[in-house]
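Student: My structure is below; once you've seen it, I'll send some questions.
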Amino acid sequence: MNAPRRPPGSTASGLVLIDKPQGWTSHDAVARTRRLANTRKVGHAGTLDPMATGLLILGINSSTRLLTYVVGLDKEYLATIRLGAATTTDDAEGEELTRAPADVVLALTGALVSAGIEALTGDISQRPSAVSAIKVDGKRAYARVRAGEDVELPARPVTVSEFELVSSTPVDGFLDLEVRVVCSSGTYIRALARDLGAGLGVGGHLTSLRRTRIGPFGIDAADPLDQLDVSRALIGPADAASRLFDRLDLTAQQAIDLSQGKRIPAPEGAEDGGPVAAVAPDGRLVGLADYRAGQAKSIVNFPPDQPPAPVTDRPADPEDAS
């Protein structure tokens, strides 16, 4: 009996903005998008914890090459920090470690809270949460914690460019702070909650987190995962790259030369550096280039999308099953 036929794979490329629901891992979102996009080549630009919601940027096919440049962009979050208790995971999913008396928590003044937030704003040294995805000797820190190991990660520099208190509400002996944070890549909002509570002497942890922006991409343009139509949501490579970088419009011959690894003249007055998005006259992203000594050279090439391959009789990949 013939094995079932696999549908032809799609090679359409671009970025997709997802509004990840609570309870889903970033891996879950990638797996679902692979099925919807009919391709195995899907990656993401930075994970979100299962408890978090909000913006997840996925790269499809050749546009996964852009994800390297998306990962390091600044990010914006809306979060709820609960003052009055510390947990093992620095968020609501962990076990409670300490709890401060309600009268001490509710006696915190706005000035004290603002001073605590100010101390965690700017260029700071932050110790990531032990249950983070950072690798320790090749193994994720959270996996070591779940295996019963004591893990304390070294502090590292991060930048919290904005840490804004939106509102504060007393709740059952705790103080819930609604905050907005703009920060560099690698900043842990859970760690900010932990350190704010520790600095105020009452403990703190994160109870909700929503990512609302990564670089130039905002949550208002994202699709809920259960409503995703990849073909409609796809941001083409040239459009995506032009949002990330300055744009270099090429002539037809320059597009050919650059794609073949040749150098072309840089625009007059262009300063050394890059990348820039090099775009052909037909709107196709030829690649990313940089400027050196009055010339432009490709640093990443982008192949044109090809039509789907014909269906062949071959065994279906079990990982393609829904």
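Scheme for the structure tokens: letters A, B, ... for chains in order shown; per-chain residue numbers from 1; ligand numbers from 1 in order shown.
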Write out, as a tab-separated table, each residue of segment 232-284 of chain A that has an atom at most 9 Å from segment 47-65 of chain A, together with the closest pair of atoms and their distance in Å to one decimal, counting only C-alpha atoms, rows going by chain and rising number.

Tutor:
```
residue	atom	partner	partner_atom	distance
A:Leu234	CA	A:Ile60	CA	8.5
A:Gly236	CA	A:Ser63	CA	8.5
A:Pro237	CA	A:Ser63	CA	6.2
A:Ala240	CA	A:Ser63	CA	8.9
```

Student: Once DSSP has gone over the backbone, tell me which residues of segment 96-205 of chain A are in helix (DSSP H, G or I), as an MDAnalysis selection string.

Tutor: chainID A and resid 102:106 110:119 141:146 189:199

Student: Would you mind exporting N, CA, C and O atoms of the selected residues as a CSV table (one decimal), in the first residue's frame?

Tutor:
```csv
chain,number,residue,atom,x,y,z
A,102,ALA,N,0.8,42.1,56.6
A,102,ALA,CA,0.0,43.0,55.8
A,102,ALA,C,0.1,44.5,56.1
A,102,ALA,O,0.2,45.3,55.3
A,103,ASP,N,0.2,44.8,57.5
A,103,ASP,CA,0.3,46.2,57.8
A,103,ASP,C,1.6,46.8,57.4
A,103,ASP,O,1.7,48.0,57.0
A,104,VAL,N,2.7,46.0,57.3
A,104,VAL,CA,4.0,46.5,56.8
A,104,VAL,C,3.9,46.8,55.3
A,104,VAL,O,4.3,47.9,54.8
A,105,VAL,N,3.2,45.9,54.6
A,105,VAL,CA,3.1,46.1,53.1
A,105,VAL,C,2.2,47.3,52.8
A,105,VAL,O,2.6,48.1,52.0
A,106,LEU,N,1.1,47.4,53.5
A,106,LEU,CA,0.2,48.5,53.2
A,106,LEU,C,0.6,49.8,53.7
A,106,LEU,O,0.1,50.9,53.3
A,110,GLY,N,3.9,55.8,48.5
A,110,GLY,CA,4.1,56.0,47.0
A,110,GLY,C,5.6,56.4,46.8
A,110,GLY,O,6.2,56.0,45.8
A,111,ALA,N,6.1,57.3,47.7
A,111,ALA,CA,7.5,57.7,47.6
A,111,ALA,C,8.5,56.6,47.7
A,111,ALA,O,9.5,56.5,47.0
A,112,LEU,N,8.2,55.7,48.7
A,112,LEU,CA,9.1,54.5,48.8
A,112,LEU,C,9.1,53.6,47.6
A,112,LEU,O,10.1,53.2,47.1
A,113,VAL,N,7.9,53.4,47.1
A,113,VAL,CA,7.8,52.5,45.9
A,113,VAL,C,8.5,53.2,44.7
A,113,VAL,O,9.2,52.5,44.0
A,114,SER,N,8.3,54.5,44.5
A,114,SER,CA,8.9,55.2,43.4
A,114,SER,C,10.4,55.2,43.6
A,114,SER,O,11.1,55.0,42.6
A,115,ALA,N,10.9,55.3,44.8
A,115,ALA,CA,12.4,55.3,45.0
A,115,ALA,C,12.9,53.9,44.7
A,115,ALA,O,14.0,53.7,44.1
A,116,GLY,N,12.1,52.8,45.0
A,116,GLY,CA,12.6,51.5,44.7
A,116,GLY,C,12.6,51.2,43.2
A,116,GLY,O,13.5,50.6,42.7
A,117,ILE,N,11.6,51.8,42.5
A,117,ILE,CA,11.6,51.6,41.0
A,117,ILE,C,12.7,52.4,40.4
A,117,ILE,O,13.4,51.9,39.5
A,118,GLU,N,13.0,53.6,40.9
A,118,GLU,CA,14.1,54.4,40.4
A,118,GLU,C,15.4,53.7,40.5
A,118,GLU,O,16.3,53.8,39.7
A,119,ALA,N,15.6,53.0,41.6
A,119,ALA,CA,16.9,52.3,41.9
A,119,ALA,C,17.1,51.1,40.9
A,119,ALA,O,18.2,50.7,40.7
A,141,ALA,N,18.9,26.3,33.1
A,141,ALA,CA,18.9,26.5,34.5
A,141,ALA,C,17.6,26.0,35.1
A,141,ALA,O,17.6,25.4,36.2
A,142,TYR,N,16.5,26.2,34.5
A,142,TYR,CA,15.2,25.7,35.0
A,142,TYR,C,15.2,24.2,35.1
A,142,TYR,O,14.6,23.6,36.1
A,143,ALA,N,15.8,23.5,34.2
A,143,ALA,CA,15.9,22.0,34.3
A,143,ALA,C,16.7,21.6,35.5
A,143,ALA,O,16.4,20.6,36.2
A,144,ARG,N,17.8,22.3,35.8
A,144,ARG,CA,18.6,22.0,36.9
A,144,ARG,C,17.8,22.2,38.2
A,144,ARG,O,17.9,21.4,39.2
A,145,VAL,N,17.0,23.3,38.3
A,145,VAL,CA,16.2,23.6,39.5
A,145,VAL,C,15.2,22.5,39.7
A,145,VAL,O,15.0,22.0,40.8
A,146,ARG,N,14.5,22.1,38.6
A,146,ARG,CA,13.5,21.0,38.7
A,146,ARG,C,14.1,19.7,39.1
A,146,ARG,O,13.4,18.8,39.7
A,189,ILE,N,11.8,40.4,33.7
A,189,ILE,CA,10.9,41.2,34.5
A,189,ILE,C,10.6,40.6,35.8
A,189,ILE,O,10.3,41.2,36.9
A,190,ARG,N,10.6,39.2,35.9
A,190,ARG,CA,10.5,38.5,37.2
A,190,ARG,C,11.6,39.0,38.2
A,190,ARG,O,11.3,39.1,39.4
A,191,ALA,N,12.8,39.2,37.6
A,191,ALA,CA,13.9,39.6,38.5
A,191,ALA,C,13.7,41.0,39.0
A,191,ALA,O,14.0,41.3,40.1
A,192,LEU,N,13.1,41.9,38.2
A,192,LEU,CA,12.7,43.2,38.6
A,192,LEU,C,11.7,43.2,39.7
A,192,LEU,O,11.8,43.9,40.7
A,193,ALA,N,10.7,42.3,39.6
A,193,ALA,CA,9.7,42.1,40.7
A,193,ALA,C,10.4,41.7,42.0
A,193,ALA,O,10.1,42.2,43.1
A,194,ARG,N,11.2,40.6,41.8
A,194,ARG,CA,11.9,40.1,43.0
A,194,ARG,C,12.8,41.2,43.7
A,194,ARG,O,12.7,41.4,44.9
A,195,ASP,N,13.6,41.9,42.9
A,195,ASP,CA,14.5,42.9,43.4
A,195,ASP,C,13.8,44.1,44.0
A,195,ASP,O,14.2,44.7,45.0
A,196,LEU,N,12.7,44.5,43.4
A,196,LEU,CA,11.9,45.6,43.9
A,196,LEU,C,11.3,45.2,45.3
A,196,LEU,O,11.5,46.0,46.3
A,197,GLY,N,10.8,44.0,45.4
A,197,GLY,CA,10.2,43.6,46.7
A,197,GLY,C,11.3,43.5,47.8
A,197,GLY,O,11.1,43.8,48.9
A,198,ALA,N,12.5,42.9,47.3
A,198,ALA,CA,13.6,42.8,48.3
A,198,ALA,C,14.1,44.1,48.8
A,198,ALA,O,14.4,44.3,49.9
A,199,GLY,N,14.2,45.1,47.8
A,199,GLY,CA,14.7,46.4,48.2
A,199,GLY,C,13.8,47.1,49.1
A,199,GLY,O,14.2,47.9,50.0
```

Student: Pull the strand (DSSP E or B) assignments for segment 83-241 of chain A out of DSSP run on the backbone, and list those residues as number ranges by chain.

Tutor: A: 83, 85-87, 91, 96-99, 122-126, 135-136, 139-140, 156-171, 174-183, 204-214, 217-218, 223-224, 235

Student: Counting only C-alpha atoms, which of A:Val279, A:Ile214, A:Leu206, A:Ile264 gets nearest to Asp90 of chain A?

Tutor: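 For Asp90 of chain A, the nearest of the given residues is A:Leu206.
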
Student: Name all residues at most 7 Å from Gly287 of chain A (count only C-alpha atoms; drop same-chain ones fewer than 6 positions away) and give them as a PDB file with N, CA, C and O atoms, in the first residue's frame.

Tutor:
```
ATOM      1  N   ALA A 277      19.000  47.207   4.413  1.00  0.00           N
ATOM      2  CA  ALA A 277      18.164  46.294   3.636  1.00  0.00           C
ATOM      3  C   ALA A 277      18.307  46.630   2.159  1.00  0.00           C
ATOM      4  O   ALA A 277      17.902  47.704   1.719  1.00  0.00           O
ATOM      5  N   ALA A 278      18.908  45.718   1.417  1.00  0.00           N
ATOM      6  CA  ALA A 278      19.136  45.933  -0.016  1.00  0.00           C
ATOM      7  C   ALA A 278      17.962  45.351  -0.793  1.00  0.00           C
ATOM      8  O   ALA A 278      17.729  44.136  -0.779  1.00  0.00           O
ATOM      9  N   SER A 298      27.283  42.478   0.394  1.00  0.00           N
ATOM     10  CA  SER A 298      26.259  41.665   1.044  1.00  0.00           C
ATOM     11  C   SER A 298      26.863  40.890   2.209  1.00  0.00           C
ATOM     12  O   SER A 298      27.953  40.323   2.114  1.00  0.00           O
ATOM     13  N   VAL A 300      24.375  39.030   4.213  1.00  0.00           N
ATOM     14  CA  VAL A 300      23.395  37.934   4.262  1.00  0.00           C
ATOM     15  C   VAL A 300      22.580  37.998   2.975  1.00  0.00           C
ATOM     16  O   VAL A 300      21.976  39.029   2.683  1.00  0.00           O
ATOM     17  N   ASN A 301      22.551  36.927   2.220  1.00  0.00           N
ATOM     18  CA  ASN A 301      21.736  36.865   1.012  1.00  0.00           C
ATOM     19  C   ASN A 301      20.376  36.244   1.309  1.00  0.00           C
ATOM     20  O   ASN A 301      20.266  35.370   2.177  1.00  0.00           O
ATOM     21  N   PHE A 302      19.365  36.685   0.579  1.00  0.00           N
ATOM     22  CA  PHE A 302      18.024  36.132   0.725  1.00  0.00           C
ATOM     23  C   PHE A 302      17.582  35.563  -0.618  1.00  0.00           C
ATOM     24  O   PHE A 302      17.414  36.311  -1.577  1.00  0.00           O
TER      25      PHE A 302
END
```

Student: Looking at only C-alpha atoms, which of A:Asp290, A:Asp172, A:Asp123, A:Glu96 is the one that sits closest to Arg263 of chain A?

Tutor: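 The closest residue to Arg263 of chain A is A:Asp290.
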
Student: Interatomic distance between atom CA of Gly201 of chain A and atom CA of Ala107 of chain A?

Tutor: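 It comes out at 11.8 Å.
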
Student: When distances are computed from only C-alpha atoms, which of A:Leu244, A:Arg35, A:Leu258, A:Pro21 shows the smallest separation from Gly274 of chain A?

Tutor: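 Nearest to Gly274 of chain A: A:Leu244.
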
Student: Just the residues within 10 Å of Ser231 of chain A, please, counting only C-alpha atoms, with nothing from its chain fewer than 5 positions along; format it as a PDB file with all heavy atoms, in the first residue's frame.

Tutor:
```
ATOM      1  N   ALA A  12       7.106  30.438   0.991  1.00  0.00           N
ATOM      2  CA  ALA A  12       6.845  31.849   1.267  1.00  0.00           C
ATOM      3  C   ALA A  12       7.540  32.225   2.567  1.00  0.00           C
ATOM      4  O   ALA A  12       7.494  31.488   3.552  1.00  0.00           O
ATOM      5  CB  ALA A  12       5.345  32.097   1.373  1.00  0.00           C
ATOM      6  N   SER A  13       8.202  33.376   2.559  1.00  0.00           N
ATOM      7  CA  SER A  13       8.983  33.755   3.737  1.00  0.00           C
ATOM      8  C   SER A  13       8.533  35.116   4.256  1.00  0.00           C
ATOM      9  O   SER A  13       7.883  35.897   3.558  1.00  0.00           O
ATOM     10  CB  SER A  13      10.474  33.773   3.398  1.00  0.00           C
ATOM     11  OG  SER A  13      10.748  34.739   2.404  1.00  0.00           O
ATOM     12  N   GLY A  14       8.909  35.384   5.493  1.00  0.00           N
ATOM     13  CA  GLY A  14       8.574  36.652   6.122  1.00  0.00           C
ATOM     14  C   GLY A  14       8.504  36.494   7.622  1.00  0.00           C
ATOM     15  O   GLY A  14       8.842  35.438   8.181  1.00  0.00           O
ATOM     16  N   VAL A  16       6.029  36.829  11.114  1.00  0.00           N
ATOM     17  CA  VAL A  16       4.649  36.781  11.577  1.00  0.00           C
ATOM     18  C   VAL A  16       4.622  37.243  13.028  1.00  0.00           C
ATOM     19  O   VAL A  16       5.435  36.786  13.847  1.00  0.00           O
ATOM     20  CB  VAL A  16       4.060  35.359  11.459  1.00  0.00           C
ATOM     21  CG1 VAL A  16       2.679  35.293  12.085  1.00  0.00           C
ATOM     22  CG2 VAL A  16       3.995  34.935  10.006  1.00  0.00           C
ATOM     23  N   LEU A  36       0.384  25.468  10.188  1.00  0.00           N
ATOM     24  CA  LEU A  36      -0.419  26.438   9.449  1.00  0.00           C
ATOM     25  C   LEU A  36       0.308  26.963   8.213  1.00  0.00           C
ATOM     26  O   LEU A  36      -0.307  27.219   7.176  1.00  0.00           O
ATOM     27  CB  LEU A  36      -0.793  27.608  10.368  1.00  0.00           C
ATOM     28  CG  LEU A  36      -1.740  27.291  11.531  1.00  0.00           C
ATOM     29  CD1 LEU A  36      -1.883  28.517  12.438  1.00  0.00           C
ATOM     30  CD2 LEU A  36      -3.098  26.848  11.021  1.00  0.00           C
ATOM     31  N   ALA A  37       1.630  27.134   8.325  1.00  0.00           N
ATOM     32  CA  ALA A  37       2.417  27.662   7.210  1.00  0.00           C
ATOM     33  C   ALA A  37       2.874  26.567   6.261  1.00  0.00           C
ATOM     34  O   ALA A  37       3.442  26.863   5.207  1.00  0.00           O
ATOM     35  CB  ALA A  37       3.626  28.421   7.746  1.00  0.00           C
TER      36      ALA A  37
END
```

Student: Give me the residues near Val179 of chain A as a list in words, where near means some atom within 7 Å (using only C-alpha atoms) and where sequence neighbours in that chain fewer than 4 positions away do not count.

Tutor: Leu78, Ala79, Thr80, Phe163, Glu164, Leu165 and Val166 of chain A

Student: What would the file look like if the residues just selected were written as a tab-separated table (two decimals), in the first residue's frame with C-alpha atoms?

Tutor:
```
chain	number	residue	atom	x	y	z
A	78	LEU	CA	3.06	45.55	30.90
A	79	ALA	CA	3.25	43.64	34.17
A	80	THR	CA	1.73	43.21	37.61
A	163	PHE	CA	10.13	51.63	34.56
A	164	GLU	CA	6.79	53.35	35.03
A	165	LEU	CA	4.29	52.82	37.83
A	166	VAL	CA	0.82	52.91	36.25
```

Student: Given the choices A:Ala293, A:Ala252, A:Leu209, A:Leu225, which gets closest to Arg180 of chain A if the distance is worked out from only C-alpha atoms?

Tutor: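 Nearest to Arg180 of chain A: A:Leu209.
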
Student: Expressed in Å to a single decimal, how great is the separation between atom CA of Tyr77 of chain A and atom CA of Gly43 of chain A?

Tutor: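 Between atom CA of Tyr77 of chain A and atom CA of Gly43 of chain A the gap is 21.5 Å.
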